[in-house]
Amino acid sequence: MTAAASRPLGATAAATPPDSGALPVIELIDVHKTYRVGTELILALRGVTLTIRENEYVAIMGASGSGKSTMLNILGCLDVPSRGTYRLGGADVSRVSQSKLASVRSRKIGFVFQSFELLPRTTALKNVELPLVYSHARKRRQRAIDALTRVGLLERALHHPNQLSGGQKQRVAIARALAQEPDIILADEPTGNLDSKTGEEIMSIFDQLHREGQTIIIVTHEDDIARHCRRTIRLKDGVVEEDRSKGL
Ligand SMILES: Nc1ncnc2c1ncn2[C@@H]1O[C@H](COP(=O)(O)OP(=O)(O)OP(=O)(O)O)[C@@H](O)[C@H]1O
Ligand SMILES: [Mg+2]
């Protein structure tokens with residue numbers, strides 16, 4: 001469990017710069033991903049090496065087809081590299097079985113998607129609670145209530161997704177990720193379906209979680225979204241074209 005998980009939204013801790021000696025959470029070493037479609041080989045990642053440390057706040061950018069989702073799938077243990085090494089929290093997860101990968105994923109990764117991916121016929125509270133059932137977590141109801149409180153949505157706990165605005169749905173999805181007390185939050189275009197004002201509200205939640213110590217990685221096409229992050233990794237044709245950190 002991270003320090004952030006036990007702290008209410010609003011309590012702040014100093015943000016950690018990338019070179020502060022914070023522990024590496026993610027280490028990619030010469031990671032390749034090749035897809036085979038018929039007789040054709042598609043080189044989606046062609047040798048990516050990078051380290052992301054605790055409490056980093058990272059944007060992954062790049063043109064369509066540059067390998068962003070492929071990289072996020074590997075970081076999120078939804079897929080494994082074809083070649084190279086991925087260490088998550090110091091443990092090599094490059095060659096583990098699908099079931100081991102699923103177990104690592106449910107313990108360490110919180111996902112937030114562009115299209116929210118909420119169950120429609122279930123309350124916000126149940127949506128947040130359900131993944132905790134699969135990971136056999138204890139105190140599930142209380143953790144779900146705490147997570148909804150952190151995103152300011154407790155008053156909508158018994159609403160169904162179709163009774164919520166887009167921004168509120170995404171807040172439920174963030175609460176669902178937080179309830180897992182994940183080592184990393186991975187978000188693929190989390191503001192892609194929202195207007196710019198609502199997108200800013202969602203980014204202010206990520207900003208707050210970052211201040212509380214959470215490690216966050218966001219795939220985005222938008223400079224306005226990336227601007228919130230402390231580091232931008234730009235992919236081009238499956239390699240890192242640029243990797244830039246902001247001074248604090
Ligand atoms: N499952 C797959 N099978 C075959 N090829 C794939 C698969 N997934 C991705 N690719 C190919 O790998 C390359 C990288 O795709 P990826 O989805 O990672 O790009 P992206 O940067 O996320 O693009 P976008 O911004 O459009 O989401 C592309 O050429 C894509 O066509
Ligand atoms: Mg993509």
# chains A, B, ... in the order shown; residues from 1 in each chain; ligands from 1
>>> closest_atom_pairs(of="chain A", to="ligand 2", cutoff="10 Å", atoms="only C-alpha atoms and all ligand atoms", output="tab-separated table")
residue	atom	partner	partner_atom_place_in_ligand_line	distance
A:Met61	CA	ligand 2	1 (Mg)	9.8
A:Gly62	CA	ligand 2	1 (Mg)	9.5
A:Ala63	CA	ligand 2	1 (Mg)	9.2
A:Ser64	CA	ligand 2	1 (Mg)	6.8
A:Gly65	CA	ligand 2	1 (Mg)	7.0
A:Ser66	CA	ligand 2	1 (Mg)	8.4
A:Gly67	CA	ligand 2	1 (Mg)	7.1
A:Lys68	CA	ligand 2	1 (Mg)	5.5
A:Ser69	CA	ligand 2	1 (Mg)	4.1
A:Thr70	CA	ligand 2	1 (Mg)	7.2
A:Met71	CA	ligand 2	1 (Mg)	9.2
A:Leu72	CA	ligand 2	1 (Mg)	8.6
A:Asn73	CA	ligand 2	1 (Mg)	9.7
A:Asp188	CA	ligand 2	1 (Mg)	7.3
A:Glu189	CA	ligand 2	1 (Mg)	8.2
A:Val219	CA	ligand 2	1 (Mg)	7.9
A:Thr220	CA	ligand 2	1 (Mg)	8.9
A:His221	CA	ligand 2	1 (Mg)	9.6
>>> residues_around(residues="A:Lys246", least_positions_apart="4", cutoff="9 Å", atoms="only C-alpha atoms", output="number ranges by chain")
A: 17, 229-232
>>> residues_around(residues="A:Leu125", least_positions_apart="6", cutoff="12 Å", atoms="only C-alpha atoms", output="NGL selection string")
:A and (118-119 or 131-132 or 140-149 or 153-161 or 169 or 171-173 or 175-176 or 179)
>>> residues_around(residues="stretch 97-111 of chain A", least_positions_apart="4", cutoff="10 Å", atoms="only C-alpha atoms", output="ChimeraX atom specification")
/A:1,72,75-80,88-89,93,116-117,131-132,134-137,173-188,190,216-217
>>> closest_residue(among="A:Ala44, A:Val96, A:Ile74, A:Val151", to="A:Leu28", atoms="only C-alpha atoms")
A:Ile74
>>> select_by_dssp(residues="stretch 82-246 of chain A", states="strand (DSSP E)", output="VMD selection string")
chain A and resid 83 to 88 91 to 92 109 to 113 184 to 188 215 to 219 231 to 236 239 to 245
>>> closest_residue(among="A:Arg46, A:Arg227, A:His210, A:Arg53", to="ligand 1", atoms="only C-alpha atoms and all ligand atoms")
A:Arg46
>>> atom_distance(atom1="atom CA of A:Lys33", atom2="atom CA of A:Gln114")
23.1 Å
>>> select_by_dssp(residues="stretch 18-224 of chain A", states="helix (DSSP H, G or I)", output="ChimeraX atom specification")
/A:68-75,98-108,124-134,140-150,154-156,161-163,166-179,196-211,223-224
>>> closest_residue(among="A:Asp237, A:Glu222, A:Asp30, A:Asp243", to="ligand 1", atoms="only C-alpha atoms and all ligand atoms")
A:Asp237
